[in-house]
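Contents: one structure, followed by commentary.
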Number of protein chains: 2
Amino acid sequence: MAARADITLSELQIALMRVLWRRGEASTADVAAELSDRGLAHTTIATVLTRLEKRGVVEQRRDGRQLYYRALVDEADVRRSMVAGLLGSLFAGDAQQLVAHLVQESEIAPGDLAKVRRRLASRESHEN
Amino acid sequence: MAARADITLSELQIALMRVLWRRGEASTADVAAELSDRGLAHTTIATVLTRLEKRGVVEQRRDGRQLYYRALVDEADVRRSMVAGLLGSLFAGDAQQLVAHLVQESEIAPGDLAKVRRRLASRESHEN
DNA sequence: TCCTTTCTACTACAACTGTAGTACGACAGG
DNA sequence: CCTGTCGTACTACAGTTGTAGTAGAAAGGA
């Protein structure tokens with residue numbers, strides 16, 4: 001639900017969301033614990049979470065004194081809009097160029113393209 | 001040159017840069033003219049250009065009263081860092097997942113993967 | 001020379017972000 | 001009951017971005 005077109009999140013925001021996506025629901029403390037390697041104050045985490053809530057990206061549930069958060073957009077939604085954004089502004093909307101870039105920058109090996117295709121083919125059946 | 005690691009630009013900034021990349025050098029007016037469909041005031045263009053200059057992303061040359069700008073980073077640099085950023089935060093650094101995403105979201109057809117690979121292969125042989 | 005057009009420099013301001021401190025209420029251990 | 005701890009709410013502040021107005025200088029036309 002709530003597959004809004006434009007869901008652009010910052011790196012930190014995505015990091016928090018990833019915790020929610022993985023766990024389904026998480027308290028502020030849970031999120032802070034998982035991101036403890038960043039050395040952020042827990043109030044920082046709380047602030048970002050509150051802002052995401054205000055923005056409608058996550059929802060908040062209260063249990064006693066604690067707040068539990070749950071994502072309102074899924075990872076695919078965010079990927080969709082952010083990849084589309086990058087594609088549009090830097091690759092003239094041409095995904096082939098993006099793939100070519102990945103290969104040239106050695107982010108992916110040419111042979112892996114076939115691998116991806118095979119993997120997808122076996123997963124989907126209405127494909128040619 | 002100046003292939004700094006982190007060159008993250010906003011959509012608007014990229015749009016300005018694209019003009020510079022295409023033309024090599026362009027005055028504020030040139031850039032404004034090419035982006036006139038956005039309905040921005042030319043002072044807006046000038047402001048953004050100045051900020052990019054301050055940030056070291058472009059350089060400025062003065063000719064009489066006019067300022068001419070020239071990119072100090074090339075498109076590949078920006079693509080590199082921005083794609084890497086997206087890859088890292090949203091795809092766990094796994095480019096195969098990104099390619100799979102592109103196919104699944106119909107940004108690219110499975111058959112095009114082979115096409116890209118072929119295209120790159122033939123380019124490779126011409127490469128000096 | 002004087003008025004008008006054209007640029008740039010400077011200033012402004014609202015959003016959003018990263019980051020965190022402080023205050024205050026609730027709860028658990030003595 | 002008292003006190004420290006914990007968690008949230010609120011406040012703060014600097015940096016970036018989008019957006020643009022205004023002032024002042026320069027150049028051009030009459």
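Ligands are numbered from 1 in the order shown, chains are lettered A, B, ... in the order of the structure tokens, and residues start at 1 in each chain.
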Residues of chain A within 10 Å of chain D, only C-alpha atoms (C1' of nucleotides) counted, as a list in words: Thr28, Ala29, His42, Thr43, Ala46, Thr47, Arg65, Gln66 and Leu67 of chain A
Select, as a PDB file with C-alpha atoms, in the first residue's frame, those residues of chain B with any atom no more than 10 Å from chain A (distances computed using only C-alpha atoms).
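As written to disk, result17.pdb reads:
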ATOM      1  CA  LEU B   9      24.421  15.925  -7.023  1.00  0.00           C
ATOM      2  CA  SER B  10      20.752  16.735  -6.934  1.00  0.00           C
ATOM      3  CA  GLU B  11      18.527  16.354  -9.951  1.00  0.00           C
ATOM      4  CA  LEU B  12      18.704  20.050 -10.752  1.00  0.00           C
ATOM      5  CA  GLN B  13      22.432  20.157 -10.315  1.00  0.00           C
ATOM      6  CA  ILE B  14      22.811  17.228 -12.659  1.00  0.00           C
ATOM      7  CA  ALA B  15      20.629  18.952 -15.197  1.00  0.00           C
ATOM      8  CA  ARG B  18      24.587  17.947 -18.341  1.00  0.00           C
ATOM      9  CA  GLU B  75      29.710  12.396 -16.036  1.00  0.00           C
ATOM     10  CA  ALA B  76      31.392   9.067 -15.432  1.00  0.00           C
ATOM     11  CA  VAL B  78      29.225  11.316 -10.976  1.00  0.00           C
ATOM     12  CA  ARG B  79      27.688   8.137 -12.272  1.00  0.00           C
ATOM     13  CA  ARG B  80      30.283   6.130 -10.451  1.00  0.00           C
ATOM     14  CA  MET B  82      25.984   7.961  -7.312  1.00  0.00           C
ATOM     15  CA  VAL B  83      25.426   4.459  -8.601  1.00  0.00           C
ATOM     16  CA  ALA B  84      27.789   3.156  -5.949  1.00  0.00           C
ATOM     17  CA  GLY B  85      25.824   5.039  -3.342  1.00  0.00           C
ATOM     18  CA  LEU B  86      22.510   3.633  -4.433  1.00  0.00           C
ATOM     19  CA  LEU B  87      23.971   0.197  -4.779  1.00  0.00           C
ATOM     20  CA  GLY B  88      25.386   0.342  -1.298  1.00  0.00           C
ATOM     21  CA  SER B  89      22.368   1.655   0.494  1.00  0.00           C
ATOM     22  CA  LEU B  90      19.550  -0.068  -1.334  1.00  0.00           C
ATOM     23  CA  PHE B  91      21.006  -3.194  -2.880  1.00  0.00           C
ATOM     24  CA  GLY B  93      26.222  -3.522  -2.845  1.00  0.00           C
ATOM     25  CA  ASP B  94      25.004  -6.304  -5.043  1.00  0.00           C
ATOM     26  CA  ALA B  95      24.833  -5.167  -8.642  1.00  0.00           C
ATOM     27  CA  GLN B  96      23.129  -8.361  -9.724  1.00  0.00           C
ATOM     28  CA  GLN B  97      20.210  -7.388  -7.584  1.00  0.00           C
ATOM     29  CA  LEU B  98      20.075  -4.033  -9.250  1.00  0.00           C
ATOM     30  CA  VAL B  99      20.046  -5.603 -12.695  1.00  0.00           C
ATOM     31  CA  ALA B 100      17.359  -8.008 -11.561  1.00  0.00           C
ATOM     32  CA  HIS B 101      15.382  -5.045 -10.330  1.00  0.00           C
ATOM     33  CA  LEU B 102      15.693  -3.325 -13.688  1.00  0.00           C
ATOM     34  CA  VAL B 103      14.375  -6.360 -15.470  1.00  0.00           C
ATOM     35  CA  GLN B 104      11.554  -6.916 -13.049  1.00  0.00           C
ATOM     36  CA  GLU B 105      10.470  -3.312 -13.227  1.00  0.00           C
ATOM     37  CA  SER B 106      10.575  -3.522 -16.989  1.00  0.00           C
ATOM     38  CA  GLU B 107      13.192  -0.868 -17.221  1.00  0.00           C
ATOM     39  CA  ILE B 108      15.087  -3.222 -19.420  1.00  0.00           C
ATOM     40  CA  ALA B 109      14.172  -6.395 -21.312  1.00  0.00           C
ATOM     41  CA  PRO B 110      15.982  -9.605 -20.430  1.00  0.00           C
ATOM     42  CA  GLY B 111      17.178  -9.914 -23.993  1.00  0.00           C
ATOM     43  CA  ASP B 112      18.776  -6.517 -23.784  1.00  0.00           C
ATOM     44  CA  LEU B 113      21.247  -7.793 -21.254  1.00  0.00           C
ATOM     45  CA  ALA B 114      22.881  -9.886 -23.925  1.00  0.00           C
ATOM     46  CA  LYS B 115      22.711  -6.926 -26.264  1.00  0.00           C
ATOM     47  CA  VAL B 116      24.555  -4.765 -23.785  1.00  0.00           C
ATOM     48  CA  ARG B 117      27.140  -7.432 -23.297  1.00  0.00           C
ATOM     49  CA  ARG B 118      27.699  -7.755 -27.000  1.00  0.00           C
ATOM     50  CA  ARG B 119      27.909  -4.048 -27.429  1.00  0.00           C
ATOM     51  CA  LEU B 120      30.516  -3.804 -24.711  1.00  0.00           C
ATOM     52  CA  ALA B 121      32.473  -6.698 -26.118  1.00  0.00           C
TER      53      ALA B 121
END
Kindly provide the residues of chain C that approach chain B to within 10 Å, each paired with its closest atom pair and their distance in Å to one decimal, based on only C-alpha atoms (C1' of nucleotides), listed by chain and increasing number, as CSV.
residue,atom,partner,partner_atom,distance
C:DT6,C1',B:Arg65,CA,9.4
C:DC7,C1',B:Arg65,CA,6.4
C:DT8,C1',B:Arg65,CA,7.5
C:DA9,C1',B:Thr47,CA,9.8
Nearest to Ile45 in chain B by atom-to-atom distance, counting only C-alpha atoms, from B:Arg23, B:Leu16, B:Gln60, B:Leu72: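 Among B:Arg23, B:Leu16, B:Gln60, B:Leu72, it is B:Leu16 that comes nearest to Ile45 in chain B.
Taken over all Cα atoms in order, the superposition of chain B onto chain A returns an RMSD of 1.9 Å.
Of the listed residues B:Asp74, B:Ile7, B:Asp63, B:Ser81, the one whose atoms come nearest to Ala26 in chain B is B:Asp63, with distances taken using only C-alpha atoms.
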DSSP strand (DSSP E) selection over range 10-125 of chain B, as a PyMOL selection string: chain B and resi 26-27+58-63+66-71
Just write the chosen residues, C-alpha atoms, as a PDB file, in the first residue's frame.
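Result saved to selection10.pdb:
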ATOM      1  CA  ALA B  26      28.617  27.463 -21.215  1.00  0.00           C
ATOM      2  CA  SER B  27      27.630  30.843 -19.876  1.00  0.00           C
ATOM      3  CA  VAL B  58      32.778  23.345 -11.854  1.00  0.00           C
ATOM      4  CA  GLU B  59      35.157  26.154 -12.622  1.00  0.00           C
ATOM      5  CA  GLN B  60      34.335  29.634 -13.660  1.00  0.00           C
ATOM      6  CA  ARG B  61      35.967  31.804 -16.260  1.00  0.00           C
ATOM      7  CA  ARG B  62      35.142  35.404 -16.719  1.00  0.00           C
ATOM      8  CA  ASP B  63      34.873  37.068 -20.090  1.00  0.00           C
ATOM      9  CA  GLN B  66      29.847  37.165 -18.378  1.00  0.00           C
ATOM     10  CA  LEU B  67      30.783  34.023 -16.526  1.00  0.00           C
ATOM     11  CA  TYR B  68      31.525  30.847 -18.357  1.00  0.00           C
ATOM     12  CA  TYR B  69      31.423  27.535 -16.602  1.00  0.00           C
ATOM     13  CA  ARG B  70      33.150  24.288 -17.284  1.00  0.00           C
ATOM     14  CA  ALA B  71      32.747  20.999 -15.459  1.00  0.00           C
TER      15      ALA B  71
END
CA of Thr44 in chain B to CA of Val31 in chain B, distance in Å rounded to a single decimal: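 Value for the CA of Thr44 in chain B-CA of Val31 in chain B distance: 11.0 Å.
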Å distance separating CA of Leu49 in chain B from CA of Trp21 in chain B, one decimal place: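 Rounded to one decimal, the two atoms are 13.6 Å apart.
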